[in-house]
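What follows is a set of notes on a single structure, which appears directly below.
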Amino acid sequence: MKPPFAFFLLVGLFLTCGSADVHAQAGPEKGGRELQIWTGGGHSVRGIASDTGVWTVGGRYGWILTSPRGPGFLRGNFEYAVDVVPIFWIFQPGGTAYGVAIDPFAFKWNFKPHGRFVPYADLDGGVLFTNRRTPPGSSRTNFTPSAAVGMHVLGKKFNWSAEVRYAHISNAGIASINPGINTLQVRIGVGMFTRPGRN
């Protein structure tokens, strides 16, 4: 599947899921869902693989599992989500690696909204498959733990998000060479928080 086709397929699925019997809500609420498409990119930070850039496009489906809880400025609700990343390009010495990834473990804390603004913190983990060894000489299969802080800006139906993400790419020792890549990325997205059947 060519990357542009995968991107348009992802957009089509997002728009389809955002219609029918699903209605928009003001923000994350217990029992609701998050639908989002996003893109992001960045560059490696100092280390062994320091001449590497990354660009990704993906989609998220999340479940808001709790009502607001916690003290003071930490008050918020917990969300579990899954990210699918059909476009994962790594610009590295020796040639660009093209890949796909899935993050089945995304743990997100949506802080209490302040008007239209919903700050959040996010911890993710998944696996990446590429057409060439990443970094060069290591493995075509890598793991992708990451952490992010960001902000949703709520609209009537859709919301925008922006975040800063620190992501690590390494094979966790499944290959004899495991230098790893640490990247600092900026990601933007468009999505909606929904609750099925709500009027």
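Here, A, B, ... name the chains of the structure tokens in the order displayed, residue numbers run from 1 inside each chain, and ligands are numbered from 1 in the same displayed order.
Near A:Ala147, within 6 Å and counting only C-alpha atoms, sit Asp122, Leu123, Arg165 and Tyr166 of chain A, not including residues fewer than 3 positions from it in the same chain.
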**Request:** Could you please write out, as a list in words, every residue of chain A that DSSP assigns to helix (DSSP H, G or I)?
**Result:** Pro3, Pro4, Phe5, Ala6, Phe7, Phe8, Leu9, Leu10, Val11, Gly12, Leu13, Phe14, Leu15, Thr16, Cys17, Gly72, Phe73 and Leu74 of chain A
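Between A:Thr66 and the residues A:Ser161, A:Gln92, A:Asn110, A:Thr194, the shortest atom-to-atom distance, using only C-alpha atoms, involves A:Asn110.
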**Near-A:Pro28 list (9 Å; only C-alpha atoms; drop same-chain fewer than 4 positions) as number ranges by chain** = A: 32-34, 64, 77, 79, 110, 113, 118, 193-194
Any chance you could export the current selection's all heavy atoms as a PDB file, in the first residue's frame?
```pdb
ATOM      1  N   GLY A  32     -17.198   8.242  26.770  1.00  0.00           N
ATOM      2  CA  GLY A  32     -17.037   8.803  25.438  1.00  0.00           C
ATOM      3  C   GLY A  32     -15.877   8.182  24.691  1.00  0.00           C
ATOM      4  O   GLY A  32     -15.180   7.299  25.196  1.00  0.00           O
ATOM      5  N   ARG A  33     -15.686   8.638  23.480  1.00  0.00           N
ATOM      6  CA  ARG A  33     -14.615   8.155  22.613  1.00  0.00           C
ATOM      7  C   ARG A  33     -13.832   9.345  22.056  1.00  0.00           C
ATOM      8  O   ARG A  33     -14.350  10.450  21.958  1.00  0.00           O
ATOM      9  CB  ARG A  33     -15.187   7.354  21.436  1.00  0.00           C
ATOM     10  CG  ARG A  33     -16.058   6.174  21.834  1.00  0.00           C
ATOM     11  CD  ARG A  33     -15.241   5.025  22.399  1.00  0.00           C
ATOM     12  NE  ARG A  33     -16.069   3.850  22.637  1.00  0.00           N
ATOM     13  CZ  ARG A  33     -16.624   3.547  23.801  1.00  0.00           C
ATOM     14  NH1 ARG A  33     -16.453   4.352  24.838  1.00  0.00           N
ATOM     15  NH2 ARG A  33     -17.344   2.459  23.939  1.00  0.00           N
ATOM     16  N   GLU A  34     -12.598   9.075  21.683  1.00  0.00           N
ATOM     17  CA  GLU A  34     -11.813  10.064  20.949  1.00  0.00           C
ATOM     18  C   GLU A  34     -11.468   9.499  19.579  1.00  0.00           C
ATOM     19  O   GLU A  34     -10.972   8.372  19.469  1.00  0.00           O
ATOM     20  CB  GLU A  34     -10.520  10.426  21.676  1.00  0.00           C
ATOM     21  CG  GLU A  34      -9.696  11.448  20.906  1.00  0.00           C
ATOM     22  CD  GLU A  34      -8.371  11.819  21.539  1.00  0.00           C
ATOM     23  OE1 GLU A  34      -7.971  11.170  22.529  1.00  0.00           O
ATOM     24  OE2 GLU A  34      -7.718  12.747  21.023  1.00  0.00           O
ATOM     25  N   ILE A  64     -12.655   6.955  26.852  1.00  0.00           N
ATOM     26  CA  ILE A  64     -12.577   7.712  28.105  1.00  0.00           C
ATOM     27  C   ILE A  64     -13.134   6.809  29.203  1.00  0.00           C
ATOM     28  O   ILE A  64     -14.326   6.499  29.218  1.00  0.00           O
ATOM     29  CB  ILE A  64     -13.383   9.026  28.034  1.00  0.00           C
ATOM     30  CG1 ILE A  64     -13.127   9.747  26.708  1.00  0.00           C
ATOM     31  CG2 ILE A  64     -13.052   9.896  29.234  1.00  0.00           C
ATOM     32  CD1 ILE A  64     -11.715  10.168  26.460  1.00  0.00           C
ATOM     33  N   ASN A  77      -9.420  13.067  33.707  1.00  0.00           N
ATOM     34  CA  ASN A  77      -9.916  11.706  33.511  1.00  0.00           C
ATOM     35  C   ASN A  77      -8.930  10.896  32.670  1.00  0.00           C
ATOM     36  O   ASN A  77      -8.098  11.436  31.947  1.00  0.00           O
ATOM     37  CB  ASN A  77     -11.324  11.685  32.902  1.00  0.00           C
ATOM     38  CG  ASN A  77     -11.449  12.537  31.658  1.00  0.00           C
ATOM     39  OD1 ASN A  77     -10.502  12.708  30.914  1.00  0.00           O
ATOM     40  ND2 ASN A  77     -12.635  13.069  31.436  1.00  0.00           N
ATOM     41  N   GLU A  79      -7.811   8.052  29.892  1.00  0.00           N
ATOM     42  CA  GLU A  79      -8.184   7.545  28.575  1.00  0.00           C
ATOM     43  C   GLU A  79      -7.193   6.471  28.140  1.00  0.00           C
ATOM     44  O   GLU A  79      -5.979   6.610  28.327  1.00  0.00           O
ATOM     45  CB  GLU A  79      -8.178   8.689  27.555  1.00  0.00           C
ATOM     46  CG  GLU A  79      -8.460   8.267  26.128  1.00  0.00           C
ATOM     47  CD  GLU A  79      -8.407   9.435  25.149  1.00  0.00           C
ATOM     48  OE1 GLU A  79      -8.418  10.590  25.592  1.00  0.00           O
ATOM     49  OE2 GLU A  79      -8.340   9.167  23.927  1.00  0.00           O
ATOM     50  N   ASN A 110      -6.361  13.327  30.505  1.00  0.00           N
ATOM     51  CA  ASN A 110      -6.951  14.580  30.056  1.00  0.00           C
ATOM     52  C   ASN A 110      -7.239  15.441  31.283  1.00  0.00           C
ATOM     53  O   ASN A 110      -8.107  15.094  32.096  1.00  0.00           O
ATOM     54  CB  ASN A 110      -8.258  14.315  29.299  1.00  0.00           C
ATOM     55  CG  ASN A 110      -8.035  13.543  28.021  1.00  0.00           C
ATOM     56  OD1 ASN A 110      -7.358  14.008  27.120  1.00  0.00           O
ATOM     57  ND2 ASN A 110      -8.601  12.348  27.947  1.00  0.00           N
ATOM     58  N   PRO A 113     -10.854  20.629  31.711  1.00  0.00           N
ATOM     59  CA  PRO A 113     -10.892  21.695  30.706  1.00  0.00           C
ATOM     60  C   PRO A 113     -10.881  23.082  31.341  1.00  0.00           C
ATOM     61  O   PRO A 113     -11.421  23.301  32.427  1.00  0.00           O
ATOM     62  CB  PRO A 113     -12.220  21.448  29.979  1.00  0.00           C
ATOM     63  CG  PRO A 113     -12.548  20.014  30.243  1.00  0.00           C
ATOM     64  CD  PRO A 113     -12.022  19.726  31.609  1.00  0.00           C
ATOM     65  N   VAL A 118      -8.061  21.927  26.705  1.00  0.00           N
ATOM     66  CA  VAL A 118      -7.943  20.704  27.486  1.00  0.00           C
ATOM     67  C   VAL A 118      -6.485  20.229  27.417  1.00  0.00           C
ATOM     68  O   VAL A 118      -6.071  19.604  26.429  1.00  0.00           O
ATOM     69  CB  VAL A 118      -8.873  19.587  26.956  1.00  0.00           C
ATOM     70  CG1 VAL A 118      -8.763  18.346  27.841  1.00  0.00           C
ATOM     71  CG2 VAL A 118     -10.308  20.067  26.875  1.00  0.00           C
ATOM     72  N   PHE A 193     -14.247  14.419  20.304  1.00  0.00           N
ATOM     73  CA  PHE A 193     -14.670  13.599  21.421  1.00  0.00           C
ATOM     74  C   PHE A 193     -16.151  13.324  21.228  1.00  0.00           C
ATOM     75  O   PHE A 193     -16.939  14.235  20.982  1.00  0.00           O
ATOM     76  CB  PHE A 193     -14.443  14.321  22.747  1.00  0.00           C
ATOM     77  CG  PHE A 193     -12.993  14.504  23.096  1.00  0.00           C
ATOM     78  CD1 PHE A 193     -12.395  15.749  22.976  1.00  0.00           C
ATOM     79  CD2 PHE A 193     -12.228  13.432  23.530  1.00  0.00           C
ATOM     80  CE1 PHE A 193     -11.065  15.928  23.293  1.00  0.00           C
ATOM     81  CE2 PHE A 193     -10.890  13.599  23.858  1.00  0.00           C
ATOM     82  CZ  PHE A 193     -10.305  14.851  23.734  1.00  0.00           C
ATOM     83  N   THR A 194     -16.549  12.058  21.327  1.00  0.00           N
ATOM     84  CA  THR A 194     -17.935  11.687  21.063  1.00  0.00           C
ATOM     85  C   THR A 194     -18.477  10.772  22.135  1.00  0.00           C
ATOM     86  O   THR A 194     -17.722  10.169  22.914  1.00  0.00           O
ATOM     87  CB  THR A 194     -18.056  10.969  19.701  1.00  0.00           C
ATOM     88  OG1 THR A 194     -17.323   9.733  19.767  1.00  0.00           O
ATOM     89  CG2 THR A 194     -17.500  11.800  18.574  1.00  0.00           C
TER      90      THR A 194
END
```
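The interatomic distance for the pair atom CA of A:Gly42 and atom CA of A:Thr56 works out to 9.3 Å.
Here the question is which of A:Gly27, A:Gly191, A:Gly180, A:Gly137 gets nearest to A:Gly94 using only C-alpha atoms, and that residue is A:Gly137.
Nearest residue to A:Leu74 among A:Pro86, A:Gly62, A:Pro119, A:Gly99 is A:Pro119, counting only C-alpha atoms.
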**Asked** Which distance in Å separates atom CA of A:Glu163 and atom CA of A:Gly126, to one decimal?
**Response** 18.6 Å
**Asked** Neighbours of A:Val149 within 6 Å (only C-alpha atoms; same-chain residues fewer than 3 positions away dropped), as a PyMOL selection string?
**Response** chain A and resi 120-121+163-164
Just write the chosen residues, N, CA and C atoms, as a PDB file, in the first residue's frame.
```pdb
ATOM      1  N   TYR A 120      -3.224  17.836  28.289  1.00  0.00           N
ATOM      2  CA  TYR A 120      -3.127  16.393  28.525  1.00  0.00           C
ATOM      3  C   TYR A 120      -1.672  15.946  28.589  1.00  0.00           C
ATOM      4  N   ALA A 121      -1.486  14.755  29.163  1.00  0.00           N
ATOM      5  CA  ALA A 121      -0.192  14.069  29.174  1.00  0.00           C
ATOM      6  C   ALA A 121      -0.424  12.657  28.677  1.00  0.00           C
ATOM      7  N   GLU A 163       1.121  19.037  20.345  1.00  0.00           N
ATOM      8  CA  GLU A 163       1.885  18.443  21.438  1.00  0.00           C
ATOM      9  C   GLU A 163       3.366  18.386  21.109  1.00  0.00           C
ATOM     10  N   VAL A 164       4.144  18.248  22.156  1.00  0.00           N
ATOM     11  CA  VAL A 164       5.578  17.971  22.047  1.00  0.00           C
ATOM     12  C   VAL A 164       5.792  16.556  22.565  1.00  0.00           C
TER      13      VAL A 164
END
```
